[in-house]
file input.pdb (PDB, C-alpha atoms and all ligand atoms)
ATOM      1  CA  MET G   1      35.913  97.124-250.222  1.00  0.00           C
ATOM      2  CA  GLN G   2      39.469  98.310-249.870  1.00  0.00           C
ATOM      3  CA  ASN G   3      42.265  96.026-248.735  1.00  0.00           C
ATOM      4  CA  LEU G   4      43.906  96.927-245.455  1.00  0.00           C
ATOM      5  CA  GLN G   5      47.508  96.415-244.506  1.00  0.00           C
ATOM      6  CA  PHE G   6      48.889  96.114-240.987  1.00  0.00           C
ATOM      7  CA  THR G   7      52.404  95.898-239.630  1.00  0.00           C
ATOM      8  CA  PRO G   8      52.782  93.547-236.627  1.00  0.00           C
ATOM      9  CA  ILE G   9      53.656  95.289-233.357  1.00  0.00           C
ATOM     10  CA  GLY G  10      55.532  92.219-232.174  1.00  0.00           C
ATOM     11  CA  VAL G  11      55.728  88.480-231.935  1.00  0.00           C
ATOM     12  CA  VAL G  12      54.615  85.703-229.580  1.00  0.00           C
ATOM     13  CA  ARG G  13      57.291  83.531-228.003  1.00  0.00           C
ATOM     14  CA  SER G  14      55.640  80.283-227.046  1.00  0.00           C
ATOM     15  CA  ARG G  15      56.591  76.711-226.194  1.00  0.00           C
ATOM     16  CA  TYR G  16      54.399  75.544-229.098  1.00  0.00           C
ATOM     17  CA  THR G  17      56.065  74.891-232.446  1.00  0.00           C
ATOM     18  CA  ASP G  18      53.386  72.469-233.648  1.00  0.00           C
ATOM     19  CA  THR G  19      49.608  73.035-233.530  1.00  0.00           C
ATOM     20  CA  ALA G  20      49.144  69.424-232.378  1.00  0.00           C
ATOM     21  CA  ALA G  21      50.756  70.356-229.043  1.00  0.00           C
ATOM     22  CA  ILE G  22      48.225  73.114-228.252  1.00  0.00           C
ATOM     23  CA  PRO G  23      45.364  71.871-226.032  1.00  0.00           C
ATOM     24  CA  LYS G  24      42.034  71.821-227.862  1.00  0.00           C
ATOM     25  CA  GLY G  25      38.588  70.296-227.655  1.00  0.00           C
ATOM     26  CA  PRO G  26      36.244  69.854-224.675  1.00  0.00           C
ATOM     27  CA  GLY G  27      37.783  70.936-221.371  1.00  0.00           C
ATOM     28  CA  ALA G  28      41.005  72.233-222.955  1.00  0.00           C
ATOM     29  CA  LYS G  29      42.938  74.432-220.526  1.00  0.00           C
ATOM     30  CA  HIS G  30      45.218  77.205-221.717  1.00  0.00           C
ATOM     31  CA  ASP G  31      47.678  77.873-218.939  1.00  0.00           C
ATOM     32  CA  ALA G  32      50.904  77.915-220.967  1.00  0.00           C
ATOM     33  CA  GLU G  33      53.221  80.801-220.210  1.00  0.00           C
ATOM     34  CA  GLY G  34      55.086  82.723-222.870  1.00  0.00           C
ATOM     35  CA  THR G  35      56.079  86.197-223.879  1.00  0.00           C
ATOM     36  CA  ILE G  36      54.912  88.870-226.257  1.00  0.00           C
ATOM     37  CA  GLU G  37      57.902  90.746-227.591  1.00  0.00           C
ATOM     38  CA  LEU G  38      56.993  94.176-228.923  1.00  0.00           C
ATOM     39  CA  ARG G  39      59.188  96.046-231.370  1.00  0.00           C
ATOM     40  CA  PRO G  40      61.509  98.109-229.115  1.00  0.00           C
ATOM     41  CA  GLU G  41      60.409 101.415-230.651  1.00  0.00           C
ATOM     42  CA  LEU G  42      56.837 100.727-229.437  1.00  0.00           C
ATOM     43  CA  GLU G  43      57.778 100.289-225.755  1.00  0.00           C
ATOM     44  CA  GLU G  44      56.388 103.712-224.813  1.00  0.00           C
ATOM     45  CA  GLY G  45      52.935 102.382-225.743  1.00  0.00           C
ATOM     46  CA  LEU G  46      53.083  99.885-222.864  1.00  0.00           C
ATOM     47  CA  ALA G  47      53.188 102.610-220.181  1.00  0.00           C
ATOM     48  CA  ASP G  48      50.643 101.820-217.399  1.00  0.00           C
ATOM     49  CA  ILE G  49      49.787  98.370-218.740  1.00  0.00           C
ATOM     50  CA  GLU G  50      51.023  96.672-215.542  1.00  0.00           C
ATOM     51  CA  GLY G  51      47.811  97.668-213.735  1.00  0.00           C
ATOM     52  CA  PHE G  52      45.722  95.319-215.847  1.00  0.00           C
ATOM     53  CA  SER G  53      45.457  91.669-214.867  1.00  0.00           C
ATOM     54  CA  HIS G  54      44.370  90.467-218.308  1.00  0.00           C
ATOM     55  CA  LEU G  55      44.880  91.605-221.877  1.00  0.00           C
ATOM     56  CA  PHE G  56      43.269  91.005-225.252  1.00  0.00           C
ATOM     57  CA  VAL G  57      45.918  89.963-227.767  1.00  0.00           C
ATOM     58  CA  ILE G  58      44.943  90.375-231.421  1.00  0.00           C
ATOM     59  CA  TRP G  59      47.124  88.314-233.714  1.00  0.00           C
ATOM     60  CA  VAL G  60      47.423  86.600-237.073  1.00  0.00           C
ATOM     61  CA  PHE G  61      46.965  82.892-237.841  1.00  0.00           C
ATOM     62  CA  ASP G  62      50.014  83.109-240.090  1.00  0.00           C
ATOM     63  CA  ARG G  63      50.123  79.328-240.652  1.00  0.00           C
ATOM     64  CA  ALA G  64      46.389  78.690-241.134  1.00  0.00           C
ATOM     65  CA  GLY G  65      46.529  77.833-244.838  1.00  0.00           C
ATOM     66  CA  GLY G  66      43.234  78.854-246.427  1.00  0.00           C
ATOM     67  CA  SER G  67      39.742  79.577-245.182  1.00  0.00           C
ATOM     68  CA  GLU G  68      36.425  77.707-245.019  1.00  0.00           C
ATOM     69  CA  LEU G  69      32.976  79.128-244.272  1.00  0.00           C
ATOM     70  CA  THR G  70      31.995  75.929-242.483  1.00  0.00           C
ATOM     71  CA  ALA G  71      34.149  74.881-239.550  1.00  0.00           C
ATOM     72  CA  TYR G  72      34.433  71.564-237.701  1.00  0.00           C
ATOM     73  CA  PRO G  73      35.524  72.555-234.174  1.00  0.00           C
ATOM     74  CA  PRO G  74      37.260  69.910-232.042  1.00  0.00           C
ATOM     75  CA  SER G  75      34.752  70.650-229.280  1.00  0.00           C
ATOM     76  CA  ASP G  76      31.823  69.288-231.317  1.00  0.00           C
ATOM     77  CA  ASP G  77      30.993  66.524-233.758  1.00  0.00           C
ATOM     78  CA  ARG G  78      28.809  68.892-235.799  1.00  0.00           C
ATOM     79  CA  PRO G  79      29.797  71.658-238.238  1.00  0.00           C
ATOM     80  CA  HIS G  80      29.170  75.356-237.596  1.00  0.00           C
ATOM     81  CA  GLY G  81      29.503  78.567-239.573  1.00  0.00           C
ATOM     82  CA  VAL G  82      33.058  79.851-239.271  1.00  0.00           C
ATOM     83  CA  PHE G  83      31.919  83.082-237.611  1.00  0.00           C
ATOM     84  CA  ALA G  84      30.242  81.026-234.878  1.00  0.00           C
ATOM     85  CA  THR G  85      33.622  79.423-234.094  1.00  0.00           C
ATOM     86  CA  ARG G  86      37.237  80.259-233.312  1.00  0.00           C
ATOM     87  CA  SER G  87      38.573  78.343-236.293  1.00  0.00           C
ATOM     88  CA  PRO G  88      41.972  79.470-237.668  1.00  0.00           C
ATOM     89  CA  GLN G  89      40.669  78.911-241.228  1.00  0.00           C
ATOM     90  CA  ARG G  90      38.669  82.121-241.625  1.00  0.00           C
ATOM     91  CA  PRO G  91      38.395  84.820-244.322  1.00  0.00           C
ATOM     92  CA  ASN G  92      40.584  87.195-242.322  1.00  0.00           C
ATOM     93  CA  PRO G  93      42.927  84.957-240.291  1.00  0.00           C
ATOM     94  CA  ILE G  94      42.807  87.052-237.112  1.00  0.00           C
ATOM     95  CA  GLY G  95      43.112  85.454-233.670  1.00  0.00           C
ATOM     96  CA  LEU G  96      41.968  86.884-230.348  1.00  0.00           C
ATOM     97  CA  THR G  97      43.298  85.535-227.061  1.00  0.00           C
ATOM     98  CA  VAL G  98      42.775  86.739-223.501  1.00  0.00           C
ATOM     99  CA  VAL G  99      45.992  86.328-221.528  1.00  0.00           C
ATOM    100  CA  GLU G 100      46.917  87.005-217.921  1.00  0.00           C
ATOM    101  CA  LEU G 101      49.671  89.583-217.581  1.00  0.00           C
ATOM    102  CA  LEU G 102      52.407  88.243-215.295  1.00  0.00           C
ATOM    103  CA  GLY G 103      54.999  90.962-215.749  1.00  0.00           C
ATOM    104  CA  ARG G 104      56.833  93.278-218.061  1.00  0.00           C
ATOM    105  CA  THR G 105      60.485  93.835-218.854  1.00  0.00           C
ATOM    106  CA  GLY G 106      60.886  96.750-221.234  1.00  0.00           C
ATOM    107  CA  PRO G 107      59.056  95.888-224.454  1.00  0.00           C
ATOM    108  CA  THR G 108      58.439  92.262-223.409  1.00  0.00           C
ATOM    109  CA  LEU G 109      55.298  91.058-221.639  1.00  0.00           C
ATOM    110  CA  ARG G 110      55.293  87.781-219.731  1.00  0.00           C
ATOM    111  CA  VAL G 111      51.845  86.225-219.986  1.00  0.00           C
ATOM    112  CA  ARG G 112      49.843  83.098-219.163  1.00  0.00           C
ATOM    113  CA  GLY G 113      47.176  81.617-221.426  1.00  0.00           C
ATOM    114  CA  ILE G 114      49.055  81.302-224.690  1.00  0.00           C
ATOM    115  CA  ASP G 115      47.332  79.302-227.461  1.00  0.00           C
ATOM    116  CA  MET G 116      49.520  80.579-230.308  1.00  0.00           C
ATOM    117  CA  LEU G 117      52.458  79.025-232.111  1.00  0.00           C
ATOM    118  CA  ASP G 118      55.947  80.357-231.496  1.00  0.00           C
ATOM    119  CA  GLY G 119      56.623  83.262-233.849  1.00  0.00           C
ATOM    120  CA  THR G 120      52.964  84.285-234.249  1.00  0.00           C
ATOM    121  CA  PRO G 121      52.689  87.938-235.356  1.00  0.00           C
ATOM    122  CA  VAL G 122      50.827  90.250-232.960  1.00  0.00           C
ATOM    123  CA  LEU G 123      48.719  93.109-234.357  1.00  0.00           C
ATOM    124  CA  ASP G 124      47.504  94.772-231.166  1.00  0.00           C
ATOM    125  CA  ILE G 125      47.145  94.525-227.400  1.00  0.00           C
ATOM    126  CA  LYS G 126      44.310  96.021-225.345  1.00  0.00           C
ATOM    127  CA  PRO G 127      43.318  95.812-221.686  1.00  0.00           C
ATOM    128  CA  TYR G 128      40.706  93.118-221.062  1.00  0.00           C
ATOM    129  CA  LEU G 129      37.534  94.647-219.696  1.00  0.00           C
ATOM    130  CA  SER G 130      34.109  93.066-219.836  1.00  0.00           C
ATOM    131  CA  GLY G 131      30.940  94.880-218.959  1.00  0.00           C
ATOM    132  CA  VAL G 132      28.734  91.954-219.938  1.00  0.00           C
ATOM    133  CA  PRO G 133      26.847  90.593-216.897  1.00  0.00           C
ATOM    134  CA  PRO G 134      27.445  86.809-216.758  1.00  0.00           C
ATOM    135  CA  GLU G 135      23.698  86.112-216.561  1.00  0.00           C
ATOM    136  CA  THR G 136      23.148  87.715-219.981  1.00  0.00           C
ATOM    137  CA  LEU G 137      25.835  85.656-221.752  1.00  0.00           C
ATOM    138  CA  ARG G 138      24.676  82.916-224.123  1.00  0.00           C
ATOM    139  CA  ARG G 139      27.189  80.323-225.310  1.00  0.00           C
ATOM    140  CA  GLY G 140      25.412  79.238-228.479  1.00  0.00           C
ATOM    141  CA  TRP G 141      26.084  75.688-229.699  1.00  0.00           C
ATOM    142  CA  LEU G 142      28.881  75.167-227.115  1.00  0.00           C
ATOM    143  CA  ASP G 143      26.550  74.369-224.188  1.00  0.00           C
ATOM    144  CA  ASP G 144      24.721  71.773-226.248  1.00  0.00           C
ATOM    145  CA  ALA G 145      27.980  70.295-227.615  1.00  0.00           C
ATOM    146  CA  GLU G 146      29.522  70.041-224.140  1.00  0.00           C
ATOM    147  CA  ARG G 147      26.455  68.133-222.908  1.00  0.00           C
ATOM    148  CA  ARG G 148      26.504  65.754-225.888  1.00  0.00           C
ATOM    149  CA  MET G 149      30.292  65.223-225.934  1.00  0.00           C
ATOM    150  CA  ALA G 150      30.386  64.509-222.159  1.00  0.00           C
ATOM    151  CA  ARG G 151      28.110  61.493-222.555  1.00  0.00           C
TER
HETATM  152  C1  LIG G 201      40.975  77.470-232.040  1.00  0.00           C
HETATM  153  S1  LIG G 201      42.216  78.732-232.333  1.00  0.00           S
HETATM  154  C2  LIG G 201      41.718  79.953-231.155  1.00  0.00           C
HETATM  155  C3  LIG G 201      42.688  81.082-231.122  1.00  0.00           C
HETATM  156  C4  LIG G 201      42.199  82.318-230.393  1.00  0.00           C
HETATM  157  N1  LIG G 201      42.036  82.075-228.968  1.00  0.00           N
HETATM  158  C5  LIG G 201      40.927  82.823-231.004  1.00  0.00           C
HETATM  159  O1  LIG G 201      39.871  82.625-230.424  1.00  0.00           O
HETATM  160  O2  LIG G 201      40.993  83.466-232.049  1.00  0.00           O
HETATM  161  C6  LIG G 201      43.636  78.072-231.552  1.00  0.00           C
HETATM  162  C7  LIG G 201      44.362  77.149-232.500  1.00  0.00           C
HETATM  163  O3  LIG G 201      44.941  77.921-233.534  1.00  0.00           O
HETATM  164  C8  LIG G 201      46.071  77.256-234.043  1.00  0.00           C
HETATM  165  N2  LIG G 201      47.163  78.227-234.143  1.00  0.00           N
HETATM  166  C9  LIG G 201      47.842  78.833-233.148  1.00  0.00           C
HETATM  167  N3  LIG G 201      48.744  79.680-233.628  1.00  0.00           N
HETATM  168  C10 LIG G 201      48.634  79.647-234.991  1.00  0.00           C
HETATM  169  C11 LIG G 201      49.284  80.322-236.050  1.00  0.00           C
HETATM  170  N4  LIG G 201      50.229  81.208-235.825  1.00  0.00           N
HETATM  171  N5  LIG G 201      48.907  80.022-237.330  1.00  0.00           N
HETATM  172  C12 LIG G 201      47.943  79.104-237.565  1.00  0.00           C
HETATM  173  N6  LIG G 201      47.289  78.430-236.590  1.00  0.00           N
HETATM  174  C13 LIG G 201      47.621  78.700-235.311  1.00  0.00           C
HETATM  175  C14 LIG G 201      46.382  76.090-233.104  1.00  0.00           C
HETATM  176  O4  LIG G 201      45.900  74.909-233.717  1.00  0.00           O
HETATM  177  C15 LIG G 201      45.519  76.417-231.884  1.00  0.00           C
HETATM  178  O5  LIG G 201      45.095  75.252-231.225  1.00  0.00           O
END
call {"tool": "encode", "arguments": {"input": "input.pdb", "output": "structure tokens"}}
result
Amino acid sequence: MQNLQFTPIGVVRSRYTDTAAIPKGPGAKHDAEGTIELRPELEEGLADIEGFSHLFVIWVFDRAGGSELTAYPPSDDRPHGVFATRSPQRPNPIGLTVVELLGRTGPTLRVRGIDMLDGTPVLDIKPYLSGVPPETLRRGWLDDAERRMAR
């Protein structure tokens, strides 16, 4: 398969400079505010984004350091296949975060829900839309882990 190369569209500005400071594990809440600073020449691409309450942010775990096919998520005491988790240590170190859009100033978006380190490269932004009815969603090993870890 061919290798692919992407150029970041921008960077995350976050209060987090150390992964230890980012909430993780059972019940972790992501309500940190921050900004996504797009390259100024891409500003035109943000036209009409203000109408969306939430966005998908696709980004790079640029400080992940290697990948493992088995992951040990902080929300469980059992291992899982990396593709059944959100582990940073994955074959392609791509992160996906849903953020709430609070506002925009030129090429800069102010958002809530940051779980990225300061300086994280951003590959893409898309409006968050979900057509999946909640009653059809299955949460895999997470439901079981939450029950066990709460005991
Ligand atoms: C469990 S991952 C989930 C990220 C994203 N919401 C996802 O699902 O792809 C979040 C963790 O990634 C780590 N992290 C955040 N930014 C990073 C970066 N730029 N490089 C490497 N690790 C990072 C932090 O430890 C953070 O707690």
call {"tool": "closest_atom_pairs", "arguments": {"input": "input.pdb", "of": "chain G", "to": "ligand LIG 201 (chain G)", "cutoff": "9 Å", "atoms": "all atoms listed in the file", "output": "tab-separated table"}}
result
residue	atom	partner	partner_atom	distance
G:Val12	CA	G:LIG201	N4	8.9
G:Tyr16	CA	G:LIG201	N3	8.3
G:Thr17	CA	G:LIG201	N3	8.8
G:Asp18	CA	G:LIG201	O4	7.9
G:Thr19	CA	G:LIG201	O4	4.2
G:Ala20	CA	G:LIG201	O4	6.5
G:Ala21	CA	G:LIG201	O5	7.8
G:Ile22	CA	G:LIG201	O5	4.8
G:Pro23	CA	G:LIG201	O5	6.2
G:Lys24	CA	G:LIG201	O5	5.7
G:Gly25	CA	G:LIG201	C1	8.7
G:Val57	CA	G:LIG201	N1	8.9
G:Ile58	CA	G:LIG201	O2	8.0
G:Trp59	CA	G:LIG201	O2	8.0
G:Val60	CA	G:LIG201	N4	6.2
G:Phe61	CA	G:LIG201	N5	3.5
G:Asp62	CA	G:LIG201	N5	4.3
G:Arg63	CA	G:LIG201	N5	3.6
G:Ala64	CA	G:LIG201	C12	3.9
G:Gly65	CA	G:LIG201	C12	7.5
G:Pro73	CA	G:LIG201	C1	7.6
G:Pro74	CA	G:LIG201	C1	8.4
G:Thr85	CA	G:LIG201	C1	7.9
G:Arg86	CA	G:LIG201	O1	4.6
G:Ser87	CA	G:LIG201	C1	5.0
G:Pro88	CA	G:LIG201	O3	5.3
G:Gln89	CA	G:LIG201	N6	8.1
G:Pro93	CA	G:LIG201	C12	8.2
G:Ile94	CA	G:LIG201	O2	6.5
G:Gly95	CA	G:LIG201	O2	3.3
G:Leu96	CA	G:LIG201	O2	3.9
G:Thr97	CA	G:LIG201	N1	4.1
G:Val98	CA	G:LIG201	N1	7.2
G:Ile114	CA	G:LIG201	N1	8.3
G:Asp115	CA	G:LIG201	C15	5.6
G:Met116	CA	G:LIG201	N3	3.5
G:Leu117	CA	G:LIG201	N3	4.1
G:Asp118	CA	G:LIG201	N4	7.2
G:Gly119	CA	G:LIG201	N4	7.0
G:Thr120	CA	G:LIG201	N4	4.4
G:Pro121	CA	G:LIG201	N4	7.2
call {"tool": "closest_residue", "arguments": {"input": "input.pdb", "among": "G:Phe52, G:Gln2, G:Ser75, G:Leu38", "to": "Asp144 of chain G", "atoms": "all atoms listed in the file"}}
result
G:Ser75
call {"tool": "residues_around", "arguments": {"input": "input.pdb", "residues": "Glu100 of chain G", "least_positions_apart": "3", "cutoff": "8 Å", "atoms": "all atoms listed in the file", "output": "list in words"}}
result
Ser53, His54, Leu55, Val111, Arg112 and Gly113 of chain G
call {"tool": "atom_distance", "arguments": {"input": "input.pdb", "atom1": "atom CA of Gly10 of chain G", "atom2": "atom CA of Gly131 of chain G"}}
result
28.0 Å
call {"tool": "closest_residue", "arguments": {"input": "input.pdb", "among": "G:Ala32, G:Ile125, G:Ala145, G:Leu109", "to": "Glu50 of chain G", "atoms": "only C-alpha atoms"}}
result
G:Leu109
call {"tool": "axis_aligned_box", "arguments": {"input": "input.pdb", "around": "segment 44-54 of chain G", "padding_each_side": "3 Å", "output": "JSON"}}
result
{"center_x": 50.4, "center_y": 97.1, "center_z": -219.7, "size_x": 18.0, "size_y": 19.2, "size_z": 18.0}
call {"tool": "resolve_selection", "arguments": {"input": "input.pdb", "expression": "the PyMOL selection byres (((chain G and resi 45) around 12) and not hetatm)", "output": "PyMOL selection string"}}
result
chain G and resi 9+38-44+46-50+106-108+124-126
call {"tool": "resolve_selection", "arguments": {"input": "input.pdb", "expression": "the PyMOL selection byres (((chain G and resi 71) around 9) and not hetatm)", "output": "VMD selection string"}}
result
chain G and resid 68 to 70 72 to 73 78 to 87 89 to 90
call {"tool": "atom_distance", "arguments": {"input": "input.pdb", "atom1": "atom CA of Arg110 of chain G", "atom2": "atom CA of Tyr128 of chain G"}}
result
15.6 Å
call {"tool": "atom_distance", "arguments": {"input": "input.pdb", "atom1": "atom CA of Leu142 of chain G", "atom2": "atom CA of Ser67 of chain G"}}
result
21.5 Å
call {"tool": "residues_around", "arguments": {"input": "input.pdb", "residues": "Arg147 of chain G", "least_positions_apart": "5", "cutoff": "12 Å", "atoms": "only C-alpha atoms", "output": "list in words"}}
result
Pro26, Gly27, Ser75, Asp76, Asp77, Trp141 and Leu142 of chain G
call {"tool": "closest_residue", "arguments": {"input": "input.pdb", "among": "G:Met149, G:Leu129, G:Val122, G:Ile36", "to": "Leu102 of chain G", "atoms": "all atoms listed in the file"}}
result
G:Ile36
call {"tool": "closest_residue", "arguments": {"input": "input.pdb", "among": "G:Gly103, G:Pro8, G:Pro134, G:Gly66", "to": "Pro91 of chain G", "atoms": "all atoms listed in the file"}}
result
G:Gly66
call {"tool": "build_atoms", "arguments": {"input": "input.pdb", "residues": "segment 85-95 of chain G", "atoms": "all heavy atoms", "output": "CSV table (one decimal), in the frame of the given file"}}
result
chain,number,residue,atom,x,y,z
G,85,THR,N,32.5,80.2,-234.7
G,85,THR,CA,33.6,79.4,-234.1
G,85,THR,C,34.9,80.3,-234.0
G,85,THR,O,34.9,81.4,-234.4
G,85,THR,CB,34.0,78.2,-235.0
G,85,THR,OG1,34.7,78.7,-236.1
G,85,THR,CG2,32.7,77.5,-235.4
G,86,ARG,N,35.9,79.6,-233.4
G,86,ARG,CA,37.2,80.3,-233.3
G,86,ARG,C,38.2,79.6,-234.3
G,86,ARG,O,39.4,79.6,-234.0
G,86,ARG,CB,37.7,80.2,-231.9
G,86,ARG,CG,36.8,81.0,-230.9
G,86,ARG,CD,37.2,80.9,-229.5
G,86,ARG,NE,36.6,82.0,-228.8
G,86,ARG,CZ,37.3,83.1,-228.3
G,86,ARG,NH1,38.6,83.1,-228.5
G,86,ARG,NH2,36.7,84.0,-227.7
G,87,SER,N,37.7,79.0,-235.3
G,87,SER,CA,38.6,78.3,-236.3
G,87,SER,C,39.7,79.2,-236.9
G,87,SER,O,39.4,80.4,-237.2
G,87,SER,CB,37.7,77.8,-237.5
G,87,SER,OG,38.5,77.4,-238.5
G,88,PRO,N,40.9,78.7,-237.0
G,88,PRO,CA,42.0,79.5,-237.7
G,88,PRO,C,41.7,79.7,-239.2
G,88,PRO,O,42.2,80.6,-239.7
G,88,PRO,CB,43.2,78.6,-237.5
G,88,PRO,CG,42.9,77.6,-236.4
G,88,PRO,CD,41.4,77.4,-236.4
G,89,GLN,N,40.9,78.8,-239.8
G,89,GLN,CA,40.7,78.9,-241.2
G,89,GLN,C,39.5,79.8,-241.5
G,89,GLN,O,38.4,79.4,-241.6
G,89,GLN,CB,40.4,77.5,-241.8
G,89,GLN,CG,41.7,76.7,-242.1
G,89,GLN,CD,42.1,76.0,-240.8
G,89,GLN,OE1,41.3,75.6,-240.0
G,89,GLN,NE2,43.4,75.9,-240.6
G,90,ARG,N,39.7,81.1,-241.5
G,90,ARG,CA,38.7,82.1,-241.6
G,90,ARG,C,39.1,83.2,-242.7
G,90,ARG,O,40.3,83.3,-243.0
G,90,ARG,CB,38.3,82.8,-240.3
G,90,ARG,CG,39.5,83.2,-239.5
G,90,ARG,CD,39.2,83.4,-238.0
G,90,ARG,NE,38.0,84.0,-237.7
G,90,ARG,CZ,37.0,83.3,-237.0
G,90,ARG,NH1,37.2,82.1,-236.5
G,90,ARG,NH2,35.9,84.0,-236.8
G,91,PRO,N,38.1,83.9,-243.2
G,91,PRO,CA,38.4,84.8,-244.3
G,91,PRO,C,39.5,85.8,-244.0
G,91,PRO,O,40.4,86.0,-244.8
G,91,PRO,CB,37.1,85.5,-244.6
G,91,PRO,CG,36.0,84.5,-244.2
G,91,PRO,CD,36.6,83.8,-243.0
G,92,ASN,N,39.5,86.4,-242.8
G,92,ASN,CA,40.6,87.2,-242.3
G,92,ASN,C,41.2,86.4,-241.1
G,92,ASN,O,40.5,86.3,-240.1
G,92,ASN,CB,40.2,88.6,-241.9
G,92,ASN,CG,39.8,89.5,-243.0
G,92,ASN,OD1,40.4,89.4,-244.1
G,92,ASN,ND2,38.8,90.3,-242.9
G,93,PRO,N,42.4,85.9,-241.3
G,93,PRO,CA,42.9,85.0,-240.3
G,93,PRO,C,43.4,85.7,-239.0
G,93,PRO,O,44.6,85.7,-238.7
G,93,PRO,CB,44.1,84.2,-241.0
G,93,PRO,CG,44.5,85.2,-242.1
G,93,PRO,CD,43.3,86.0,-242.5
G,94,ILE,N,42.5,86.3,-238.3
G,94,ILE,CA,42.8,87.1,-237.1
G,94,ILE,C,42.4,86.3,-235.9
G,94,ILE,O,41.3,85.8,-235.8
G,94,ILE,CB,42.1,88.4,-237.2
G,94,ILE,CG1,42.7,89.2,-238.3
G,94,ILE,CG2,42.2,89.1,-235.8
G,94,ILE,CD1,42.0,90.5,-238.5
G,95,GLY,N,43.3,86.1,-234.9
G,95,GLY,CA,43.1,85.5,-233.7
G,95,GLY,C,43.0,86.4,-232.5
G,95,GLY,O,43.5,87.6,-232.6
